[in-house]
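Below is one structure, written out as structure tokens; comments come after it.
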Amino acid sequence: MKKIIVISLLCVSFQSYALDNRFVSTNKPKLIVGIVIDQMRADFIYKYWHKYSQGGFKRLVAEGFFFKNTHYNYVPTYTGPGHASIYTGATPAVHGIIANHWFDKTVGKSVYCADDFTVQALAGSKKSGQMSPNKLLSTTIGDQLKLSNRQQSKVIGIALKDRGAILPAGHSANAAYWFDSATGEWMSSSYYMSQLPAWVAAFNRQGQARNYMATVWQPLLPLTAYSESLTDDNAFEGLFNGETRPVFPHDLAKLAAANESFGLLKITPFGNSLTKDFAMAAIQAEKLGKQAVTDMLTLSFSATDYVGHQFAPNSIEVEDTYLRLDRDLAELLTFLDRWLGKDQVLLFLTADHGVVENPRYLNSLRIPAGNISESALKQAVKDFLQQHFAADLLLSYSNQQVFLNHAKMVELKVSRVEVENALVDFLVSLPGVASAVTRTALNQSAFITPPNRYLQQGFHPQRSGDVLVNYAPGWIDSEKNTGTTHGSLYNYDTHVPLLWYGWKVAAGQSFQAVEITDIAPTLALLLDIEAPNGSFGQFMPLPLK
Ligand SMILES: [Zn+2]
């Protein structure tokens, strides 16, 4: 009798234990790897598909879950805001990273999204080390991960660009590492630690950056195989200093003297290879994924952006950069297989923004497009205000925003609303301007459709300007005829790849529209932790095994 009671009690307690555990994530991934490809537009997956290897992008698509319809939901679609939005699940309206550089009204000058003059460089050069996430106003998913377990999780950010490393890693990150163009070293700042870890110093001593600088950038395949791109020598590509035509081979050693030393490496696929090398060294040295709790690596590949700006998306240089990145990704995935096993790693891959074709190239195909000079537009606004309000009311025109001198308008008893509205009428009369919206309208209404919804979600009341301008499709903020840029609210800049892979992720794809700000809250729900504190994103329907 007693035996039966004991056995039945054991059964009951075992059952309730099993029942309880169905509701919590008992088998969390050991390592989260967030990969951001700088300037990767969604169609680059398909455009170069047949040239990709089996182990990189194709493996992520075949074995992972692909959200084919992932978009940015604010402007400007720049690197700083993009990285911040992926990891905070918020838009610039909340996380405050309204651009890479912006006019700071409180100090009357332009500031950089990651600068922090209270901290010092660790390795690298002095100026490139005064960096921290101090301007980011909300938490990242990495911050939340560390908050969930008394800071036991390790969170590390890596990118050639400081902002691509610092903003994703968040406020309480163990470290962020970026690349110094002057010295060729991986570096950090005293925000994170008092001394650079020995493994970083050792990596720098190996001279990997110097080795890549000694190479000649030859195309991976015969030039005739790049049928997805324009011919090598075309009028839409920018030149390296020291070259007279934008053609292969690009001899880095020969070009080094005419360019900013190691800065040249960033405009080649080898900048990404170096990032991959450093990331694998970091995972090993920091033993990421080898403790009881989940660790996180945020990894951004910046070279794609530098190459894209200089050569534009239809160049062999851009195509070759993606083919080489694909091979670097394959190497990284194989490394993770061996380090932890695929089931222990939860990985996502996306981009911080897309990119538009070179406007001259679009014009050659009879598609409307053009360039707007920021300085010319600034002067036009200044002149307009002088003419109509007899005063110099302009503080700045930057990131397609007009900043007005509020104190002067009060002093001259000029109505702010009147000035804002007059400027909208003026601005939309200019070639290449599609629409404009005022601070007053953004403060008083909630816009539910683009373009104003995207402008509103990029508008931070304390940091943003007074009139926000939206250029027409195909128009870019650039004075150059070659290369291209990004920043708009149109598909080419908002549509990015999003792939989830590893851990319990089931293979498949979805055409459902999801937003970039859904990534961080989705991660939070998968990990049973709180979403970042500024996040309004939704859980995306990610099927699990
Ligand atoms: Zn970028």
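Each chain of the structure tokens is named A, B, ... in the order shown, its residues numbered from 1; ligands are numbered from 1 in display order.
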
Practice prompt. Please write out the residues within 12 Å of ligand 1 as a VMD selection string, counting only C-alpha atoms and all ligand atoms.
Written response: chain A and resid 36 to 41 76 to 84 99 to 100 159 to 165 300 to 309 350 to 355 485 to 487 493 to 494 496

Given only C-alpha atoms, how would the per-residue table for segment 64-174 of chain A near segment 444-466 of chain A read, listing every residue at most 6 Å away with its closest atom pair and distance in Å to one decimal, sorted by chain and number, as CSV?
```
residue,atom,partner,partner_atom,distance
A:Asn73,CA,A:Tyr454,CA,5.5
A:Tyr74,CA,A:Tyr454,CA,3.9
A:Val75,CA,A:Gly458,CA,5.1
A:Thr91,CA,A:Gln457,CA,5.9
A:Pro92,CA,A:Gly458,CA,4.8
A:Ala93,CA,A:His460,CA,4.2
```

For the residues selected in the previous step, produce a file with N, CA, C and O atoms as a short mmCIF file (atom, residue, chain, number, x, y, z; two decimals), in the first residue's frame.
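File written: result_18.cif
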```cif
data_model
loop_
_atom_site.label_atom_id
_atom_site.label_comp_id
_atom_site.auth_asym_id
_atom_site.auth_seq_id
_atom_site.Cartn_x
_atom_site.Cartn_y
_atom_site.Cartn_z
N ASN A 73 10.76 50.78 -41.45
CA ASN A 73 9.47 51.46 -41.27
C ASN A 73 9.65 52.91 -40.82
O ASN A 73 8.85 53.44 -40.08
N TYR A 74 10.76 53.52 -41.23
CA TYR A 74 11.03 54.92 -40.89
C TYR A 74 12.07 55.46 -41.85
O TYR A 74 12.70 54.70 -42.58
N VAL A 75 12.28 56.76 -41.83
CA VAL A 75 13.44 57.38 -42.49
C VAL A 75 14.20 58.18 -41.44
O VAL A 75 13.59 58.61 -40.46
N THR A 91 12.07 52.56 -33.34
CA THR A 91 12.48 53.42 -34.45
C THR A 91 13.18 54.66 -33.86
O THR A 91 13.16 54.86 -32.64
N PRO A 92 13.78 55.50 -34.73
CA PRO A 92 14.48 56.68 -34.20
C PRO A 92 13.59 57.57 -33.32
O PRO A 92 14.12 58.27 -32.44
N ALA A 93 12.28 57.54 -33.52
CA ALA A 93 11.36 58.33 -32.69
C ALA A 93 11.54 57.99 -31.22
O ALA A 93 11.28 58.81 -30.34
#
```

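The residue that comes closest to Leu349 of chain A, out of A:Leu499, A:Ala520, A:Ala292, A:Ala312 and on the basis of only C-alpha atoms, is A:Leu499.
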
Discussion item. When you count only C-alpha atoms, which of these residues is closest to Phe248 of chain A: A:Asp232, A:Asp295, A:Asp528, A:Glu331?
Written reply: A:Asp232

Worksheet item: For Tyr492 of chain A, which residue among A:Ile372, A:Ala209, A:Val216, A:Ala42 is the nearest when counting only C-alpha atoms?
Response: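 With only C-alpha atoms as the atom set, the closest residue is A:Ala42.
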
Practice prompt. Once DSSP has gone over the backbone, tell me which residues of segment 158-368 of chain A are in alpha helix (DSSP H), as a ChimeraX atom specification.
Written response: /A:162-169,198-206,208-213,252-255,263-266,269-285,303-311,316-339,359-364

Worksheet item: If you measure from atom CA of Ala472 of chain A to atom CA of Ala436 of chain A, what distance in Å do you get, rounded to one decimal?
Response: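 So the answer is 10.8 Å.
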
Practice prompt. Could you tell me which of A:Asp326, A:Glu374, A:Glu260, A:Asp233 comes closest to His50 of chain A if we count only C-alpha atoms?
Written response: A:Asp326

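Ranking A:Ala390, A:Ile519, A:Ile476, A:Leu122 by their shortest atom-to-atom distance to Asp180 of chain A, with only C-alpha atoms included, puts A:Leu122 first.
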
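Counting only C-alpha atoms, Thr183 of chain A has the following residues at most 9 Å away, ignoring those fewer than 6 positions along the same chain: Ala123, Gly124, Ser125, Ser261 and Phe262 of chain A.
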
Item to complete: Looking only at strand (DSSP E) from DSSP on the backbone, list the matching residues of segment 41-168 of chain A as a list of chain:residue names.
Response: A:Phe65, A:Phe66, A:Phe67, A:Thr70, A:His71, A:His101, A:Trp102, A:Phe103, A:Asp104, A:Lys109, A:Ser110, A:Val111, A:Tyr112, A:Ala121, A:Leu122, A:Val155, A:Ile156, A:Gly157, A:Ile158, A:Ala159
